[in-house]
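Enquirer: Please find data.cif (mmCIF, N, CA, C and O atoms) on the next line:
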data_final
loop_
_atom_site.label_atom_id
_atom_site.label_comp_id
_atom_site.auth_asym_id
_atom_site.auth_seq_id
_atom_site.Cartn_x
_atom_site.Cartn_y
_atom_site.Cartn_z
N MET A 80 -5.23 11.90 -12.83
CA MET A 80 -4.75 12.38 -11.54
C MET A 80 -3.50 11.57 -11.17
O MET A 80 -3.58 10.38 -10.91
N ALA A 81 -2.36 12.20 -11.18
CA ALA A 81 -1.10 11.53 -10.88
C ALA A 81 -1.05 11.10 -9.42
O ALA A 81 -1.65 11.73 -8.55
N LEU A 82 -0.34 10.02 -9.17
CA LEU A 82 -0.19 9.52 -7.81
C LEU A 82 0.94 10.27 -7.10
O LEU A 82 2.03 10.43 -7.64
N GLU A 83 0.64 10.71 -5.90
CA GLU A 83 1.64 11.35 -5.05
C GLU A 83 1.88 10.44 -3.86
O GLU A 83 0.94 9.98 -3.22
N THR A 84 3.14 10.17 -3.57
CA THR A 84 3.52 9.26 -2.50
C THR A 84 4.36 9.99 -1.47
O THR A 84 5.32 10.67 -1.83
N LYS A 85 4.02 9.82 -0.20
CA LYS A 85 4.83 10.36 0.90
C LYS A 85 5.13 9.20 1.83
O LYS A 85 4.21 8.46 2.22
N ILE A 86 6.41 9.02 2.17
CA ILE A 86 6.82 7.93 3.05
C ILE A 86 7.62 8.52 4.20
O ILE A 86 8.59 9.25 3.99
N ASN A 87 7.19 8.21 5.42
CA ASN A 87 7.90 8.62 6.63
C ASN A 87 8.28 7.38 7.41
O ASN A 87 7.41 6.55 7.72
N ILE A 88 9.54 7.26 7.74
CA ILE A 88 10.02 6.11 8.51
C ILE A 88 10.27 6.54 9.94
O ILE A 88 10.93 7.56 10.19
N ASP A 89 9.75 5.76 10.88
CA ASP A 89 9.93 6.03 12.30
C ASP A 89 10.26 4.70 12.98
O ASP A 89 9.37 3.88 13.20
N GLY A 90 11.52 4.49 13.24
CA GLY A 90 11.95 3.23 13.86
C GLY A 90 11.73 2.06 12.92
O GLY A 90 12.25 2.04 11.80
N ASN A 91 10.91 1.12 13.36
CA ASN A 91 10.65 -0.08 12.55
C ASN A 91 9.39 0.04 11.70
O ASN A 91 8.97 -0.93 11.09
N ALA A 92 8.79 1.22 11.67
CA ALA A 92 7.52 1.41 10.95
C ALA A 92 7.67 2.46 9.85
O ALA A 92 8.42 3.42 9.98
N ALA A 93 6.93 2.24 8.78
CA ALA A 93 6.87 3.22 7.68
C ALA A 93 5.42 3.63 7.49
O ALA A 93 4.54 2.77 7.35
N GLN A 94 5.17 4.92 7.49
CA GLN A 94 3.86 5.48 7.22
C GLN A 94 3.87 5.96 5.77
O GLN A 94 4.71 6.78 5.40
N VAL A 95 2.94 5.45 4.98
CA VAL A 95 2.87 5.78 3.56
C VAL A 95 1.53 6.46 3.29
O VAL A 95 0.49 5.94 3.68
N SER A 96 1.56 7.60 2.64
CA SER A 96 0.33 8.29 2.23
C SER A 96 0.29 8.32 0.71
O SER A 96 1.25 8.75 0.07
N LEU A 97 -0.83 7.88 0.17
CA LEU A 97 -1.03 7.87 -1.28
C LEU A 97 -2.15 8.83 -1.64
O LEU A 97 -3.21 8.80 -1.02
N SER A 98 -1.91 9.63 -2.67
CA SER A 98 -2.91 10.59 -3.12
C SER A 98 -2.96 10.54 -4.65
O SER A 98 -1.94 10.70 -5.31
N GLY A 99 -4.15 10.28 -5.19
CA GLY A 99 -4.31 10.19 -6.64
C GLY A 99 -4.63 8.78 -7.08
O GLY A 99 -5.02 7.94 -6.27
N TYR A 100 -4.48 8.52 -8.36
CA TYR A 100 -4.83 7.22 -8.93
C TYR A 100 -3.62 6.28 -8.94
O TYR A 100 -2.57 6.63 -9.46
N LEU A 101 -3.80 5.10 -8.37
CA LEU A 101 -2.77 4.07 -8.44
C LEU A 101 -3.11 3.18 -9.63
O LEU A 101 -3.65 2.10 -9.51
N ASP A 102 -2.79 3.71 -10.81
CA ASP A 102 -3.11 3.01 -12.05
C ASP A 102 -1.86 2.36 -12.63
O ASP A 102 -0.80 2.35 -12.01
N THR A 103 -2.00 1.81 -13.82
CA THR A 103 -0.90 1.11 -14.48
C THR A 103 0.31 2.02 -14.70
O THR A 103 1.44 1.57 -14.63
N GLU A 104 0.05 3.27 -14.94
CA GLU A 104 1.13 4.23 -15.17
C GLU A 104 1.86 4.58 -13.88
O GLU A 104 3.08 4.78 -13.87
N ALA A 105 1.14 4.66 -12.76
CA ALA A 105 1.72 5.08 -11.49
C ALA A 105 2.36 3.93 -10.70
O ALA A 105 3.24 4.17 -9.87
N ALA A 106 1.95 2.70 -10.95
CA ALA A 106 2.41 1.56 -10.17
C ALA A 106 3.94 1.38 -10.18
O ALA A 106 4.53 1.14 -9.12
N PRO A 107 4.62 1.49 -11.33
CA PRO A 107 6.08 1.33 -11.31
C PRO A 107 6.79 2.36 -10.42
O PRO A 107 7.76 2.04 -9.74
N SER A 108 6.28 3.57 -10.40
CA SER A 108 6.86 4.62 -9.55
C SER A 108 6.69 4.27 -8.07
O SER A 108 7.63 4.40 -7.28
N LEU A 109 5.49 3.82 -7.70
CA LEU A 109 5.25 3.42 -6.32
C LEU A 109 6.15 2.24 -5.95
O LEU A 109 6.72 2.21 -4.87
N GLN A 110 6.28 1.30 -6.86
CA GLN A 110 7.12 0.13 -6.59
C GLN A 110 8.57 0.56 -6.31
O GLN A 110 9.20 0.06 -5.38
N LYS A 111 9.08 1.50 -7.09
CA LYS A 111 10.46 1.98 -6.90
C LYS A 111 10.64 2.68 -5.56
O LYS A 111 11.74 2.67 -5.00
N GLU A 112 9.59 3.29 -5.04
CA GLU A 112 9.68 3.99 -3.76
C GLU A 112 9.40 3.07 -2.57
O GLU A 112 10.09 3.14 -1.56
N LEU A 113 8.37 2.22 -2.70
CA LEU A 113 7.90 1.44 -1.57
C LEU A 113 8.71 0.16 -1.30
O LEU A 113 9.03 -0.14 -0.16
N ILE A 114 9.05 -0.57 -2.34
CA ILE A 114 9.70 -1.86 -2.15
C ILE A 114 11.06 -1.74 -1.46
O ILE A 114 11.35 -2.52 -0.53
N PRO A 115 11.92 -0.77 -1.80
CA PRO A 115 13.17 -0.63 -1.05
C PRO A 115 12.95 -0.38 0.45
O PRO A 115 13.73 -0.83 1.29
N VAL A 116 11.88 0.34 0.79
CA VAL A 116 11.56 0.57 2.20
C VAL A 116 11.18 -0.76 2.86
O VAL A 116 11.64 -1.08 3.95
N CYS A 117 10.37 -1.55 2.18
CA CYS A 117 9.94 -2.84 2.71
C CYS A 117 11.13 -3.78 2.91
O CYS A 117 11.13 -4.61 3.82
N GLU A 118 12.12 -3.65 2.06
CA GLU A 118 13.29 -4.54 2.11
C GLU A 118 14.28 -4.18 3.21
O GLU A 118 15.16 -4.98 3.53
N LYS A 119 14.14 -3.00 3.81
CA LYS A 119 15.02 -2.63 4.91
C LYS A 119 14.80 -3.60 6.07
O LYS A 119 13.67 -3.85 6.47
N GLU A 120 15.90 -4.10 6.59
CA GLU A 120 15.84 -5.13 7.63
C GLU A 120 15.02 -4.70 8.84
O GLU A 120 14.26 -5.49 9.41
N GLU A 121 15.14 -3.44 9.24
CA GLU A 121 14.47 -2.98 10.46
C GLU A 121 12.97 -2.70 10.28
O GLU A 121 12.24 -2.59 11.26
N ILE A 122 12.50 -2.61 9.06
CA ILE A 122 11.08 -2.30 8.82
C ILE A 122 10.24 -3.57 8.91
O ILE A 122 10.43 -4.51 8.15
N ASN A 123 9.32 -3.57 9.88
CA ASN A 123 8.41 -4.72 9.99
C ASN A 123 6.94 -4.28 10.09
O ASN A 123 6.07 -5.09 10.38
N GLU A 124 6.70 -3.01 9.86
CA GLU A 124 5.32 -2.51 9.86
C GLU A 124 5.19 -1.42 8.79
O GLU A 124 5.94 -0.44 8.80
N ILE A 125 4.24 -1.62 7.89
CA ILE A 125 3.93 -0.63 6.86
C ILE A 125 2.46 -0.26 7.03
O ILE A 125 1.59 -1.13 7.06
N VAL A 126 2.19 1.02 7.16
CA VAL A 126 0.81 1.51 7.24
C VAL A 126 0.60 2.44 6.05
O VAL A 126 1.31 3.44 5.91
N ILE A 127 -0.37 2.09 5.21
CA ILE A 127 -0.62 2.85 3.99
C ILE A 127 -1.97 3.55 4.08
O ILE A 127 -3.02 2.90 4.13
N ASP A 128 -1.94 4.86 4.12
CA ASP A 128 -3.15 5.68 4.19
C ASP A 128 -3.64 5.93 2.76
O ASP A 128 -2.93 6.54 1.95
N MET A 129 -4.84 5.47 2.46
CA MET A 129 -5.40 5.60 1.11
C MET A 129 -6.60 6.56 1.07
O MET A 129 -7.41 6.51 0.15
N SER A 130 -6.69 7.44 2.05
CA SER A 130 -7.85 8.34 2.13
C SER A 130 -7.97 9.26 0.92
O SER A 130 -9.08 9.69 0.59
N GLU A 131 -6.87 9.55 0.25
CA GLU A 131 -6.88 10.44 -0.92
C GLU A 131 -6.66 9.67 -2.22
O GLU A 131 -6.25 10.26 -3.22
N MET A 132 -6.92 8.37 -2.20
CA MET A 132 -6.69 7.54 -3.38
C MET A 132 -8.01 6.89 -3.82
O MET A 132 -8.44 5.91 -3.25
N PRO A 133 -8.66 7.42 -4.86
CA PRO A 133 -9.97 6.93 -5.26
C PRO A 133 -9.96 5.74 -6.22
O PRO A 133 -11.00 5.17 -6.52
N TYR A 134 -8.77 5.35 -6.71
CA TYR A 134 -8.73 4.31 -7.75
C TYR A 134 -7.47 3.47 -7.62
O TYR A 134 -6.39 4.00 -7.35
N ILE A 135 -7.62 2.16 -7.82
CA ILE A 135 -6.48 1.26 -7.85
C ILE A 135 -6.67 0.25 -8.99
O ILE A 135 -7.75 -0.32 -9.14
N ALA A 136 -5.64 0.07 -9.80
CA ALA A 136 -5.66 -0.89 -10.89
C ALA A 136 -4.92 -2.16 -10.45
O ALA A 136 -4.29 -2.20 -9.40
N SER A 137 -4.98 -3.18 -11.28
CA SER A 137 -4.34 -4.45 -10.94
C SER A 137 -2.83 -4.29 -10.74
O SER A 137 -2.24 -4.96 -9.89
N ALA A 138 -2.21 -3.38 -11.47
CA ALA A 138 -0.77 -3.14 -11.29
C ALA A 138 -0.49 -2.59 -9.89
O ALA A 138 0.52 -2.92 -9.28
N GLY A 139 -1.39 -1.78 -9.38
CA GLY A 139 -1.26 -1.26 -8.01
C GLY A 139 -1.45 -2.36 -6.98
O GLY A 139 -0.76 -2.40 -5.96
N LEU A 140 -2.39 -3.26 -7.25
CA LEU A 140 -2.60 -4.40 -6.35
C LEU A 140 -1.34 -5.26 -6.27
O LEU A 140 -0.97 -5.75 -5.20
N ARG A 141 -0.68 -5.42 -7.41
CA ARG A 141 0.56 -6.21 -7.45
C ARG A 141 1.63 -5.58 -6.55
O ARG A 141 2.35 -6.28 -5.83
N VAL A 142 1.74 -4.26 -6.56
CA VAL A 142 2.72 -3.57 -5.71
C VAL A 142 2.39 -3.82 -4.24
O VAL A 142 3.28 -4.12 -3.44
N LEU A 143 1.12 -3.71 -3.87
CA LEU A 143 0.72 -3.96 -2.49
C LEU A 143 1.02 -5.40 -2.08
O LEU A 143 1.51 -5.65 -0.97
N LEU A 144 0.74 -6.33 -2.96
CA LEU A 144 0.99 -7.75 -2.66
C LEU A 144 2.49 -8.02 -2.53
O LEU A 144 2.92 -8.76 -1.64
N THR A 145 3.29 -7.40 -3.36
CA THR A 145 4.75 -7.55 -3.27
C THR A 145 5.25 -7.01 -1.93
O THR A 145 6.07 -7.64 -1.25
N ALA A 146 4.76 -5.84 -1.55
CA ALA A 146 5.14 -5.26 -0.25
C ALA A 146 4.75 -6.19 0.88
O ALA A 146 5.54 -6.43 1.81
N TYR A 147 3.54 -6.73 0.81
CA TYR A 147 3.07 -7.67 1.83
C TYR A 147 4.00 -8.88 1.94
O TYR A 147 4.38 -9.29 3.03
N LYS A 148 4.33 -9.48 0.81
CA LYS A 148 5.17 -10.68 0.82
C LYS A 148 6.53 -10.42 1.46
O LYS A 148 7.03 -11.23 2.23
N ILE A 149 7.12 -9.28 1.16
CA ILE A 149 8.43 -8.94 1.71
C ILE A 149 8.35 -8.74 3.22
O ILE A 149 9.13 -9.28 3.99
N VAL A 150 7.38 -7.95 3.66
CA VAL A 150 7.26 -7.62 5.08
C VAL A 150 6.77 -8.84 5.87
O VAL A 150 7.26 -9.11 6.98
N ASN A 151 5.85 -9.58 5.32
CA ASN A 151 5.33 -10.77 5.99
C ASN A 151 6.43 -11.82 6.20
O ASN A 151 6.45 -12.50 7.22
N ALA A 152 7.34 -11.94 5.25
CA ALA A 152 8.45 -12.90 5.36
C ALA A 152 9.34 -12.58 6.57
O ALA A 152 10.02 -13.48 7.09
N LYS A 153 9.32 -11.33 7.01
CA LYS A 153 10.10 -10.92 8.19
C LYS A 153 9.25 -10.96 9.46
O LYS A 153 9.69 -10.51 10.51
N GLY A 154 8.02 -11.45 9.34
CA GLY A 154 7.13 -11.48 10.49
C GLY A 154 6.39 -10.18 10.73
O GLY A 154 5.80 -9.99 11.79
N GLY A 155 6.41 -9.29 9.75
CA GLY A 155 5.78 -7.98 9.90
C GLY A 155 4.39 -7.91 9.30
O GLY A 155 3.83 -8.92 8.86
N THR A 156 3.83 -6.70 9.29
CA THR A 156 2.47 -6.49 8.81
C THR A 156 2.40 -5.33 7.84
O THR A 156 3.21 -4.40 7.90
N VAL A 157 1.43 -5.41 6.93
CA VAL A 157 1.08 -4.30 6.05
C VAL A 157 -0.39 -3.99 6.30
O VAL A 157 -1.24 -4.87 6.20
N GLU A 158 -0.64 -2.76 6.66
CA GLU A 158 -2.00 -2.31 6.97
C GLU A 158 -2.39 -1.22 5.99
O GLU A 158 -1.60 -0.31 5.73
N VAL A 159 -3.59 -1.31 5.43
CA VAL A 159 -4.12 -0.25 4.58
C VAL A 159 -5.28 0.40 5.33
O VAL A 159 -6.10 -0.28 5.93
N THR A 160 -5.28 1.72 5.33
CA THR A 160 -6.27 2.45 6.13
C THR A 160 -7.01 3.47 5.29
O THR A 160 -6.55 3.89 4.24
N ASN A 161 -8.17 3.84 5.80
CA ASN A 161 -8.97 4.93 5.22
C ASN A 161 -9.29 4.74 3.75
O ASN A 161 -9.16 5.66 2.94
N LEU A 162 -9.71 3.54 3.40
CA LEU A 162 -10.03 3.23 2.01
C LEU A 162 -11.32 3.91 1.56
O LEU A 162 -12.31 3.92 2.29
N GLN A 163 -11.29 4.45 0.36
CA GLN A 163 -12.52 4.93 -0.24
C GLN A 163 -13.31 3.71 -0.71
O GLN A 163 -12.75 2.63 -0.92
N ASP A 164 -14.61 3.87 -0.88
CA ASP A 164 -15.48 2.74 -1.22
C ASP A 164 -15.02 2.00 -2.48
O ASP A 164 -15.02 0.77 -2.52
N SER A 165 -14.61 2.75 -3.49
CA SER A 165 -14.21 2.11 -4.75
C SER A 165 -12.99 1.22 -4.57
O SER A 165 -12.92 0.12 -5.12
N VAL A 166 -12.03 1.65 -3.77
CA VAL A 166 -10.82 0.86 -3.51
C VAL A 166 -11.15 -0.31 -2.60
O VAL A 166 -10.67 -1.43 -2.81
N SER A 167 -11.99 -0.09 -1.63
CA SER A 167 -12.40 -1.16 -0.73
C SER A 167 -13.08 -2.29 -1.49
O SER A 167 -12.82 -3.48 -1.24
N LYS A 168 -13.92 -1.93 -2.46
CA LYS A 168 -14.60 -2.95 -3.27
C LYS A 168 -13.60 -3.78 -4.07
O LYS A 168 -13.73 -5.00 -4.18
N VAL A 169 -12.59 -3.13 -4.64
CA VAL A 169 -11.57 -3.85 -5.41
C VAL A 169 -10.81 -4.82 -4.52
O VAL A 169 -10.59 -5.98 -4.89
N LEU A 170 -10.43 -4.38 -3.32
CA LEU A 170 -9.72 -5.27 -2.40
C LEU A 170 -10.60 -6.45 -1.98
O LEU A 170 -10.11 -7.58 -1.85
N THR A 171 -11.88 -6.22 -1.81
CA THR A 171 -12.81 -7.29 -1.45
C THR A 171 -12.98 -8.28 -2.60
O THR A 171 -12.90 -9.50 -2.40
N ILE A 172 -13.19 -7.78 -3.80
CA ILE A 172 -13.39 -8.65 -4.97
C ILE A 172 -12.16 -9.52 -5.22
O ILE A 172 -12.29 -10.69 -5.55
N THR A 173 -10.97 -8.94 -5.03
CA THR A 173 -9.74 -9.69 -5.30
C THR A 173 -9.31 -10.56 -4.12
O THR A 173 -8.41 -11.39 -4.27
N GLY A 174 -9.92 -10.36 -2.96
CA GLY A 174 -9.56 -11.14 -1.78
C GLY A 174 -8.37 -10.57 -1.02
O GLY A 174 -7.97 -11.13 0.00
N LEU A 175 -7.83 -9.45 -1.46
CA LEU A 175 -6.70 -8.85 -0.75
C LEU A 175 -7.10 -8.32 0.62
O LEU A 175 -6.25 -8.16 1.49
N ASN A 176 -8.39 -8.09 0.82
CA ASN A 176 -8.85 -7.65 2.14
C ASN A 176 -8.65 -8.74 3.19
O ASN A 176 -8.65 -8.47 4.38
N LYS A 177 -8.45 -9.98 2.76
CA LYS A 177 -8.20 -11.08 3.68
C LYS A 177 -6.71 -11.29 3.93
O LYS A 177 -6.32 -12.00 4.84
N ILE A 178 -5.87 -10.69 3.09
CA ILE A 178 -4.43 -10.83 3.22
C ILE A 178 -3.84 -9.61 3.93
O ILE A 178 -3.06 -9.76 4.87
N LEU A 179 -4.19 -8.43 3.48
CA LEU A 179 -3.73 -7.19 4.10
C LEU A 179 -4.61 -6.87 5.31
O LEU A 179 -5.78 -7.25 5.33
N GLN A 180 -4.06 -6.19 6.29
CA GLN A 180 -4.89 -5.71 7.38
C GLN A 180 -5.58 -4.43 6.89
O GLN A 180 -4.91 -3.49 6.47
N VAL A 181 -6.90 -4.44 6.93
CA VAL A 181 -7.68 -3.32 6.42
C VAL A 181 -8.37 -2.62 7.58
O VAL A 181 -9.07 -3.26 8.36
N LYS A 182 -8.17 -1.31 7.67
CA LYS A 182 -8.85 -0.51 8.68
C LYS A 182 -9.63 0.57 7.95
O LYS A 182 -9.08 1.32 7.15
N SER A 183 -10.92 0.63 8.23
CA SER A 183 -11.80 1.61 7.57
C SER A 183 -11.66 2.97 8.20
O SER A 183 -11.03 3.15 9.23
N LYS A 184 -12.31 3.95 7.54
CA LYS A 184 -12.30 5.33 8.04
C LYS A 184 -12.88 5.41 9.41
O LYS A 184 -13.70 4.69 9.82
#
As structure tokens, how would this structure be written, given the file I've shared?
Expert:
Amino acid sequence: MALETKINIDGNAAQVSLSGYLDTEAAPSLQKELIPVCEKEEINEIVIDMSEMPYIASAGLRVLLTAYKIVNAKGGTVEVTNLQDSVSKVLTITGLNKILQVKSK
């Protein structure tokens, strides 16, 4: 299941919707789309909706962590929302649930 990414920017916030598997194959594509948005000076809030994303690999975690580091350095936040159980478990096991702001369904 290929990853589909939609990004909408509104002022200083970016709303990101992910649909599909964020696996090793999809992570570079997400990085090319998401990181430039995070690097924009005016962006200090990223909200990532994962309601349609049932799987995340370590390469996907790296992209999320990179986004966090960029936005956090500007005093901003990265929030992940609507996690499916499988993705929530991965974030908990890796400890990313303590770094990213996590909001459940």
Enquirer: Give me the residues within 8 Å of Tyr147 in chain A as a PDB file with N, CA, C and O atoms, in the frame of the given file, counting only C-alpha atoms and dropping any in the same chain fewer than 2 places off.
Expert:
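New file part-v5.pdb:
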ATOM      1  N   LEU A 143       1.120  -3.710  -3.870  1.00  0.00           N
ATOM      2  CA  LEU A 143       0.720  -3.960  -2.490  1.00  0.00           C
ATOM      3  C   LEU A 143       1.020  -5.400  -2.080  1.00  0.00           C
ATOM      4  O   LEU A 143       1.510  -5.650  -0.970  1.00  0.00           O
ATOM      5  N   LEU A 144       0.740  -6.330  -2.960  1.00  0.00           N
ATOM      6  CA  LEU A 144       0.990  -7.750  -2.660  1.00  0.00           C
ATOM      7  C   LEU A 144       2.490  -8.020  -2.530  1.00  0.00           C
ATOM      8  O   LEU A 144       2.920  -8.760  -1.640  1.00  0.00           O
ATOM      9  N   THR A 145       3.290  -7.400  -3.360  1.00  0.00           N
ATOM     10  CA  THR A 145       4.750  -7.550  -3.270  1.00  0.00           C
ATOM     11  C   THR A 145       5.250  -7.010  -1.930  1.00  0.00           C
ATOM     12  O   THR A 145       6.070  -7.640  -1.250  1.00  0.00           O
ATOM     13  N   ILE A 149       7.120  -9.280   1.160  1.00  0.00           N
ATOM     14  CA  ILE A 149       8.430  -8.940   1.710  1.00  0.00           C
ATOM     15  C   ILE A 149       8.350  -8.740   3.220  1.00  0.00           C
ATOM     16  O   ILE A 149       9.130  -9.280   3.990  1.00  0.00           O
ATOM     17  N   VAL A 150       7.380  -7.950   3.660  1.00  0.00           N
ATOM     18  CA  VAL A 150       7.260  -7.620   5.080  1.00  0.00           C
ATOM     19  C   VAL A 150       6.770  -8.840   5.870  1.00  0.00           C
ATOM     20  O   VAL A 150       7.260  -9.110   6.980  1.00  0.00           O
ATOM     21  N   ASN A 151       5.850  -9.580   5.320  1.00  0.00           N
ATOM     22  CA  ASN A 151       5.330 -10.770   5.990  1.00  0.00           C
ATOM     23  C   ASN A 151       6.430 -11.820   6.200  1.00  0.00           C
ATOM     24  O   ASN A 151       6.450 -12.500   7.220  1.00  0.00           O
ATOM     25  N   THR A 156       3.830  -6.700   9.290  1.00  0.00           N
ATOM     26  CA  THR A 156       2.470  -6.490   8.810  1.00  0.00           C
ATOM     27  C   THR A 156       2.400  -5.330   7.840  1.00  0.00           C
ATOM     28  O   THR A 156       3.210  -4.400   7.900  1.00  0.00           O
ATOM     29  N   VAL A 157       1.430  -5.410   6.930  1.00  0.00           N
ATOM     30  CA  VAL A 157       1.080  -4.300   6.050  1.00  0.00           C
ATOM     31  C   VAL A 157      -0.390  -3.990   6.300  1.00  0.00           C
ATOM     32  O   VAL A 157      -1.240  -4.870   6.200  1.00  0.00           O
ATOM     33  N   LEU A 179      -4.190  -8.430   3.480  1.00  0.00           N
ATOM     34  CA  LEU A 179      -3.730  -7.190   4.100  1.00  0.00           C
ATOM     35  C   LEU A 179      -4.610  -6.870   5.310  1.00  0.00           C
ATOM     36  O   LEU A 179      -5.780  -7.250   5.330  1.00  0.00           O
TER      37      LEU A 179
END
Enquirer: List the spatial neighbours of Val116 in chain A as a list in words - criterion: any atom at most 10 Å away, only C-alpha atoms, same-chain residues fewer than 6 positions off excluded.
Expert: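 Surrounding residues, per the criterion: Ile86, Asn87, Ile88, Ala92, Ala93, Gln110, Ile122, Asn123, Ile125, Ala146 and Val150 of chain A.
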Enquirer: Could you give me, as a list in words, the residues within 7 Å of Ala81 in chain A, counting only N, CA, C and O atoms and dropping anything in the same chain fewer than 6 positions from it?
Expert: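 The filter keeps Ser98, Gly99, Tyr100, Leu101 and Ala105 of chain A.
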Enquirer: Applied to this file, what does the PyMOL selection byres ((chain A and resi 164-174) around 7) return in terms of residues, put as number ranges by chain?
Expert: A: 132-135, 161-163, 175-179
Enquirer: Which of these residues is nearest to Gly154 in chain A, using only N, CA, C and O atoms: A:Ser137, A:Glu124, A:Val142, A:Glu104?
Expert: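 Distance minimum relative to Gly154 in chain A lands on A:Glu124.
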Enquirer: Calculated over all atoms listed in the file, which of the candidates A:Cys117, A:Val95, A:Ala152, A:Met80 has the smallest distance to Met129 in chain A?
Expert: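 So, comparing all the options, the nearest one is A:Val95.
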Enquirer: At what distance in Å, to one decimal, does CA of Lys111 in chain A lie from CA of Asn91 in chain A?
Expert: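 Between CA of Asn91 in chain A and CA of Lys111 in chain A the gap works out to 19.6 Å.
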Enquirer: Rounded to one decimal place, report the atom O of Ser183 in chain A-atom O of Thr160 in chain A distance in Å.
Expert: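 Spanning atom O of Ser183 in chain A to atom O of Thr160 in chain A is a straight-line distance of 6.7 Å.
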Enquirer: Once 6 Å is added on each side, what are the centre and the three edge lengths, in Å to one decimal, of the axis-aligned box enclosing the listed atoms of range 103-117 of chain A? Present them as JSON.
Expert:
{"center_x": 5.9, "center_y": 0.2, "center_z": -5.6, "size_x": 27.7, "size_y": 21.7, "size_z": 31.1}
Enquirer: Step one, run DSSP on the backbone; step two, keep only residues of chain A assigned to strand (DSSP E); then write them as a VMD selection string.
Expert: chain A and resid 83 to 89 92 to 101 124 to 135 156 to 160 180 to 182
Enquirer: Choose the residue, out of A:Glu131, A:Lys182, A:Pro115, A:Ala138, that has the smallest atom-to-atom separation from Leu82 in chain A; count only N, CA, C and O atoms.
Expert: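 Looking at the shortest contact to Leu82 in chain A, the residue is A:Glu131.
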Enquirer: Quick one: pull the distance between atom O of Thr84 in chain A and atom N of Lys153 in chain A, Å, one decimal.
Expert: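 Between atom O of Thr84 in chain A and atom N of Lys153 in chain A the gap works out to 24.0 Å.
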Enquirer: Range 144-177 of chain A: which residues are alpha helix (DSSP H) by DSSP, as a PyMOL selection string?
Expert: chain A and resi 144-152+164-173
